[in-house]
>>> print(open('query34.txt').read())   # compact mmCIF, C-alpha atoms
# COMPACT_ATOMS: atom_id res chain seq x y z
CA LEU A 1 -0.13 -14.25 7.72
CA ARG A 2 -3.58 -14.01 9.18
CA HIS A 3 -6.97 -12.63 8.35
CA MET A 4 -6.39 -8.93 8.65
CA PRO A 5 -8.17 -5.86 7.37
CA ILE A 6 -8.43 -6.47 3.66
CA SER A 7 -6.50 -4.18 1.31
CA ASP A 8 -8.29 -2.31 -1.46
CA TYR A 9 -6.41 -4.46 -3.97
CA LEU A 10 -7.58 -7.73 -2.43
CA ARG A 11 -11.12 -6.40 -1.97
CA ARG A 12 -11.33 -5.63 -5.72
CA LEU A 13 -9.86 -9.05 -6.55
CA ARG A 14 -12.37 -10.81 -4.27
CA GLU A 15 -15.23 -8.94 -6.00
CA ARG A 16 -14.17 -10.71 -9.20
CA VAL A 17 -13.21 -14.19 -7.96
CA GLY A 18 -15.42 -14.57 -4.89
CA HIS A 19 -14.06 -17.08 -2.37
CA ASP A 20 -11.91 -18.94 -4.96
CA LEU A 21 -8.27 -19.70 -4.22
CA VAL A 22 -6.00 -16.66 -4.45
CA LEU A 23 -2.19 -16.89 -4.34
CA LEU A 24 -0.85 -14.10 -2.12
CA PRO A 25 2.70 -12.84 -1.56
CA ALA A 26 3.46 -12.27 2.10
CA VAL A 27 6.36 -11.48 4.42
CA CYS A 28 7.36 -12.87 7.78
CA VAL A 29 9.70 -10.76 9.91
CA LEU A 30 11.64 -12.67 12.55
CA ILE A 31 12.74 -9.86 14.87
CA TRP A 32 15.52 -10.99 17.25
CA ASP A 33 16.88 -9.28 20.33
CA GLY A 34 20.46 -9.38 21.65
CA GLU A 35 19.64 -12.41 23.83
CA GLY A 36 18.48 -14.52 20.88
CA ARG A 37 14.80 -14.13 21.68
CA LEU A 38 12.14 -13.85 18.97
CA LEU A 39 9.40 -11.23 19.05
CA LEU A 40 5.93 -12.73 18.61
CA MET A 41 2.53 -11.10 18.72
CA ARG A 42 -0.77 -12.40 20.04
CA GLU A 43 -3.58 -11.54 17.67
CA SER A 44 -6.45 -9.70 19.35
CA GLN A 45 -9.38 -11.51 17.68
CA THR A 46 -8.25 -15.13 17.99
CA GLY A 47 -5.75 -14.96 20.83
CA HIS A 48 -3.31 -17.00 18.73
CA TRP A 49 0.40 -16.21 18.72
CA GLN A 50 2.07 -15.50 15.41
CA THR A 51 5.06 -13.97 13.75
CA VAL A 52 5.16 -10.36 12.63
CA GLY A 53 4.24 -9.91 8.98
CA GLY A 54 1.53 -9.62 6.39
CA MET A 55 0.77 -9.16 2.73
CA VAL A 56 3.01 -7.50 0.19
CA ASP A 57 1.15 -4.63 -1.48
CA PRO A 58 1.11 -4.24 -5.28
CA ASP A 59 4.40 -2.72 -6.52
CA GLU A 60 5.98 -3.07 -3.05
CA SER A 61 9.16 -5.07 -2.60
CA PRO A 62 9.14 -7.85 0.02
CA ALA A 63 11.88 -6.00 1.94
CA ASP A 64 9.85 -2.78 2.05
CA ALA A 65 6.76 -4.76 3.08
CA ALA A 66 8.72 -6.41 5.91
CA VAL A 67 9.91 -3.07 7.30
CA ARG A 68 6.40 -1.58 6.96
CA GLU A 69 4.66 -4.53 8.63
CA ALA A 70 7.16 -4.53 11.51
CA ARG A 71 6.57 -0.82 12.11
CA GLU A 72 2.76 -1.13 11.86
CA GLU A 73 2.47 -4.17 14.12
CA THR A 74 5.18 -3.48 16.70
CA GLY A 75 6.08 0.22 16.60
CA LEU A 76 9.69 -0.77 15.89
CA THR A 77 11.95 0.28 13.06
CA VAL A 78 13.92 -2.81 12.03
CA ARG A 79 16.99 -3.59 9.97
CA LEU A 80 16.63 -6.62 7.73
CA ASP A 81 19.72 -8.71 8.47
CA ARG A 82 19.19 -11.54 6.00
CA LEU A 83 16.74 -13.33 3.79
CA ARG A 84 16.12 -16.61 5.63
CA ALA A 85 13.65 -18.46 3.37
CA ALA A 86 10.86 -18.33 0.83
CA LEU A 87 8.09 -20.72 1.86
CA GLY A 88 4.87 -21.93 0.32
CA GLY A 89 2.97 -25.10 -0.43
CA PRO A 90 0.04 -27.01 1.07
CA GLY A 91 0.84 -25.96 4.65
CA TYR A 92 0.44 -22.31 3.67
CA ARG A 93 -3.14 -22.63 2.42
CA VAL A 94 -5.71 -20.99 4.67
CA HIS A 95 -9.49 -21.36 4.50
CA TYR A 96 -10.92 -18.40 6.39
CA PRO A 97 -14.25 -18.49 8.28
CA ASN A 98 -15.83 -16.14 5.69
CA GLY A 99 -15.10 -18.74 2.97
CA ASP A 100 -12.06 -17.05 1.40
CA LEU A 101 -9.36 -19.49 0.32
CA CYS A 102 -5.76 -18.21 0.15
CA SER A 103 -2.40 -19.79 -0.51
CA TYR A 104 0.50 -17.75 0.83
CA VAL A 105 4.06 -17.58 -0.42
CA SER A 106 6.04 -15.98 2.37
CA THR A 107 9.42 -14.30 2.15
CA VAL A 108 11.02 -14.71 5.59
CA PHE A 109 13.54 -12.19 6.90
CA ASP A 110 15.67 -12.12 10.03
CA ALA A 111 15.69 -8.61 11.50
CA SER A 112 16.95 -6.61 14.45
CA VAL A 113 15.63 -3.49 16.13
CA VAL A 114 17.06 -0.13 15.09
CA SER A 115 14.73 2.11 17.10
CA GLY A 116 11.27 2.52 18.55
CA ASP A 117 9.19 1.26 21.46
CA LEU A 118 7.01 -1.83 21.46
CA VAL A 119 3.51 -0.60 20.67
CA GLY A 120 1.10 -2.87 18.83
CA ASP A 121 -1.76 -1.77 16.60
CA ASP A 122 -5.42 -2.69 17.16
CA GLU A 123 -4.82 -6.20 15.73
CA VAL A 124 -2.26 -6.92 18.47
CA ALA A 125 -3.30 -8.03 21.98
CA GLU A 126 0.27 -8.58 23.19
CA LEU A 127 3.88 -8.45 22.02
CA ARG A 128 6.45 -10.65 23.76
CA TRP A 129 10.12 -11.59 23.38
CA LEU A 130 10.36 -15.39 23.63
CA ARG A 131 13.14 -17.95 23.79
CA LEU A 132 12.87 -20.67 21.14
CA ASP A 133 12.25 -23.30 23.83
CA GLU A 134 9.11 -21.35 24.88
CA LEU A 135 7.45 -21.49 21.45
CA GLY A 136 6.14 -25.05 21.71
CA GLY A 137 3.88 -24.19 24.65
CA LEU A 138 2.15 -21.31 22.89
CA MET A 139 -1.23 -21.37 21.21
CA LEU A 140 0.16 -20.66 17.73
CA ASP A 141 -2.09 -20.27 14.73
CA PRO A 142 -1.77 -23.32 12.42
CA LEU A 143 0.00 -21.48 9.59
CA ASN A 144 2.61 -20.00 11.94
CA ARG A 145 3.12 -23.36 13.67
CA HIS A 146 3.83 -24.84 10.22
CA LEU A 147 6.13 -21.95 9.28
CA LEU A 148 8.16 -22.13 12.50
CA ARG A 149 8.52 -25.91 12.07
CA ASP A 150 9.66 -25.50 8.45
CA LEU A 151 12.29 -23.00 9.62
CA GLY A 152 13.53 -25.43 12.28
CA LEU A 153 12.68 -22.99 15.07
CA LEU A 154 9.84 -24.96 16.67
CA HIS A 155 10.68 -28.23 18.39
CA GLU A 156 7.70 -29.88 20.01
CA ARG A 157 7.80 -32.90 22.25
CA ALA A 158 5.78 -35.92 21.20
CA ASP A 159 3.74 -36.77 24.29
>>> encode(input="query34.txt", output="structure tokens")
Amino acid sequence: LRHMPISDYLRRLRERVGHDLVLLPAVCVLIWDGEGRLLLMRESQTGHWQTVGGMVDPDESPADAAVREAREETGLTVRLDRLRAALGGPGYRVHYPNGDLCSYVSTVFDASVVSGDLVGDDEVAELRWLRLDELGGLMLDPLNRHLLRDLGLLHERAD
């Protein structure tokens, strides 16, 4: 759920609607290890931490998109263990620096690793397994901070 290389579909849509609000289906893949740690990635351009995921392509199921995004962003083949949530609303609206306005509806899956080695793509500066109590101290992007709060996974102290 970040500004990533734009798909041909979205590029054609943007040619017609400009920067106007576009509702976009997305997936979030919460990949867990055997110790209950969550795999997060640090985005190379912003340095912000975020969950694995991205847009659902036209005619692609959310489950297929989740498996594809996990493989592209982490090098891992995952098994989707359960559908955790479908999230959207005001906290999932993003106004990008180029002026594009998007509202995401994200299908969130819990997943586990089947095979592969952790290898990020060029969008990924770092991949790290984190305990839930470590998430609050990370520089998370605002949308992912909102998402992790909505899922009850992020507990931040009020200073």
>>> closest_residue(input="query34.txt", among="A:Asp64, A:Asp100, A:Asp59, A:Asp122", to="His19 (chain A)", atoms="all atoms listed in the file")
A:Asp100
>>> residues_around(input="query34.txt", residues="Leu148 (chain A)", least_positions_apart="4", cutoff="12 Å", atoms="all atoms listed in the file", output="PyMOL selection string")
chain A and resi 28-30+38+40+49-51+84-85+87+91-92+108+132+135-136+140-144+152-156
>>> residues_near_point(input="query34.txt", point="(7.5, -9.8, 5.1)", cutoff="7 Å", atoms="all atoms listed in the file", output="list in words")
Ala26, Val27, Cys28, Val29, Gly53, Gly54, Pro62, Ala63, Ala65, Ala66, Glu69, Ser106, Thr107, Val108 and Phe109 of chain A
>>> write_last_selection(input="query34.txt", atoms="C-alpha atoms", output="CSV table (one decimal), in the coordinates of the input")
chain,number,residue,atom,x,y,z
A,26,ALA,CA,3.5,-12.3,2.1
A,27,VAL,CA,6.4,-11.5,4.4
A,28,CYS,CA,7.4,-12.9,7.8
A,29,VAL,CA,9.7,-10.8,9.9
A,53,GLY,CA,4.2,-9.9,9.0
A,54,GLY,CA,1.5,-9.6,6.4
A,62,PRO,CA,9.1,-7.8,0.0
A,63,ALA,CA,11.9,-6.0,1.9
A,65,ALA,CA,6.8,-4.8,3.1
A,66,ALA,CA,8.7,-6.4,5.9
A,69,GLU,CA,4.7,-4.5,8.6
A,106,SER,CA,6.0,-16.0,2.4
A,107,THR,CA,9.4,-14.3,2.2
A,108,VAL,CA,11.0,-14.7,5.6
A,109,PHE,CA,13.5,-12.2,6.9
>>> atom_distance(input="query34.txt", atom1="CA of Val78 (chain A)", atom2="CA of Arg11 (chain A)")
28.9 Å
>>> closest_residue(input="query34.txt", among="A:Met41, A:Cys102, A:Met139, A:Leu83", to="Pro25 (chain A)", atoms="all atoms listed in the file")
A:Cys102
>>> closest_residue(input="query34.txt", among="A:Leu13, A:Ser115, A:Glu73, A:Ile6", to="Ser44 (chain A)", atoms="all atoms listed in the file")
A:Glu73
>>> atom_distance(input="query34.txt", atom1="CA of Leu130 (chain A)", atom2="CA of Arg68 (chain A)")
22.0 Å
>>> atom_distance(input="query34.txt", atom1="CA of Val124 (chain A)", atom2="CA of Arg12 (chain A)")
25.9 Å
>>> closest_residue(input="query34.txt", among="A:Leu151, A:Val105, A:Leu23, A:Ala125", to="Gly47 (chain A)", atoms="all atoms listed in the file")
A:Ala125
>>> closest_residue(input="query34.txt", among="A:Ser103, A:Pro58, A:Val119, A:Glu43", to="Arg71 (chain A)", atoms="only C-alpha atoms")
A:Val119
>>> axis_aligned_box(input="query34.txt", around="region 12-20 of chain A", padding_each_side="4 Å", output="JSON")
{"center_x": -12.6, "center_y": -12.3, "center_z": -5.8, "size_x": 13.6, "size_y": 21.3, "size_z": 14.8}
>>> residues_around(input="query34.txt", residues="Leu10 (chain A)", least_positions_apart="6", cutoff="10 Å", atoms="all atoms listed in the file", output="count of residues only")
6
>>> decode(input="query34.txt", residues="region 128-145 of chain A", atoms="N, CA and C atoms", output="PDB file, in the first residue's frame")
ATOM      1  N   ARG A 128      12.728  -7.536   7.560  1.00  0.00           N
ATOM      2  CA  ARG A 128      13.080  -7.921   8.928  1.00  0.00           C
ATOM      3  C   ARG A 128      11.893  -8.574   9.628  1.00  0.00           C
ATOM      4  N   TRP A 129      12.184  -9.671  10.355  1.00  0.00           N
ATOM      5  CA  TRP A 129      11.191 -10.312  11.211  1.00  0.00           C
ATOM      6  C   TRP A 129      11.147  -9.533  12.519  1.00  0.00           C
ATOM      7  N   LEU A 130       9.950  -9.103  12.938  1.00  0.00           N
ATOM      8  CA  LEU A 130       9.818  -8.268  14.127  1.00  0.00           C
ATOM      9  C   LEU A 130       8.755  -8.816  15.072  1.00  0.00           C
ATOM     10  N   ARG A 131       9.050  -8.703  16.371  1.00  0.00           N
ATOM     11  CA  ARG A 131       8.036  -9.005  17.382  1.00  0.00           C
ATOM     12  C   ARG A 131       7.035  -7.851  17.403  1.00  0.00           C
ATOM     13  N   LEU A 132       5.801  -8.146  17.791  1.00  0.00           N
ATOM     14  CA  LEU A 132       4.774  -7.101  17.808  1.00  0.00           C
ATOM     15  C   LEU A 132       5.151  -5.945  18.722  1.00  0.00           C
ATOM     16  N   ASP A 133       5.865  -6.225  19.820  1.00  0.00           N
ATOM     17  CA  ASP A 133       6.237  -5.135  20.723  1.00  0.00           C
ATOM     18  C   ASP A 133       7.340  -4.244  20.148  1.00  0.00           C
ATOM     19  N   GLU A 134       7.916  -4.613  19.000  1.00  0.00           N
ATOM     20  CA  GLU A 134       8.927  -3.784  18.336  1.00  0.00           C
ATOM     21  C   GLU A 134       8.320  -2.828  17.309  1.00  0.00           C
ATOM     22  N   LEU A 135       7.064  -3.038  16.942  1.00  0.00           N
ATOM     23  CA  LEU A 135       6.468  -2.262  15.858  1.00  0.00           C
ATOM     24  C   LEU A 135       6.303  -0.782  16.199  1.00  0.00           C
ATOM     25  N   GLY A 136       5.961  -0.486  17.447  1.00  0.00           N
ATOM     26  CA  GLY A 136       5.703   0.895  17.841  1.00  0.00           C
ATOM     27  C   GLY A 136       6.886   1.824  17.665  1.00  0.00           C
ATOM     28  N   GLY A 137       8.106   1.292  17.752  1.00  0.00           N
ATOM     29  CA  GLY A 137       9.289   2.118  17.624  1.00  0.00           C
ATOM     30  C   GLY A 137       9.751   2.339  16.196  1.00  0.00           C
ATOM     31  N   LEU A 138       9.077   1.746  15.245  1.00  0.00           N
ATOM     32  CA  LEU A 138       9.488   1.870  13.839  1.00  0.00           C
ATOM     33  C   LEU A 138       8.920   3.121  13.195  1.00  0.00           C
ATOM     34  N   MET A 139       9.631   3.604  12.175  1.00  0.00           N
ATOM     35  CA  MET A 139       9.109   4.683  11.354  1.00  0.00           C
ATOM     36  C   MET A 139       8.205   4.021  10.293  1.00  0.00           C
ATOM     37  N   LEU A 140       6.922   3.863  10.662  1.00  0.00           N
ATOM     38  CA  LEU A 140       5.950   3.245   9.765  1.00  0.00           C
ATOM     39  C   LEU A 140       5.334   4.311   8.879  1.00  0.00           C
ATOM     40  N   ASP A 141       4.973   3.948   7.647  1.00  0.00           N
ATOM     41  CA  ASP A 141       4.255   4.928   6.844  1.00  0.00           C
ATOM     42  C   ASP A 141       2.855   5.085   7.450  1.00  0.00           C
ATOM     43  N   PRO A 142       2.229   6.264   7.277  1.00  0.00           N
ATOM     44  CA  PRO A 142       0.955   6.537   7.964  1.00  0.00           C
ATOM     45  C   PRO A 142      -0.143   5.519   7.674  1.00  0.00           C
ATOM     46  N   LEU A 143      -0.267   5.068   6.438  1.00  0.00           N
ATOM     47  CA  LEU A 143      -1.317   4.111   6.102  1.00  0.00           C
ATOM     48  C   LEU A 143      -1.081   2.789   6.826  1.00  0.00           C
ATOM     49  N   ASN A 144       0.156   2.325   6.871  1.00  0.00           N
ATOM     50  CA  ASN A 144       0.452   1.060   7.546  1.00  0.00           C
ATOM     51  C   ASN A 144       0.319   1.186   9.058  1.00  0.00           C
ATOM     52  N   ARG A 145       0.637   2.344   9.618  1.00  0.00           N
ATOM     53  CA  ARG A 145       0.435   2.576  11.053  1.00  0.00           C
ATOM     54  C   ARG A 145      -1.059   2.446  11.363  1.00  0.00           C
TER      55      ARG A 145
END
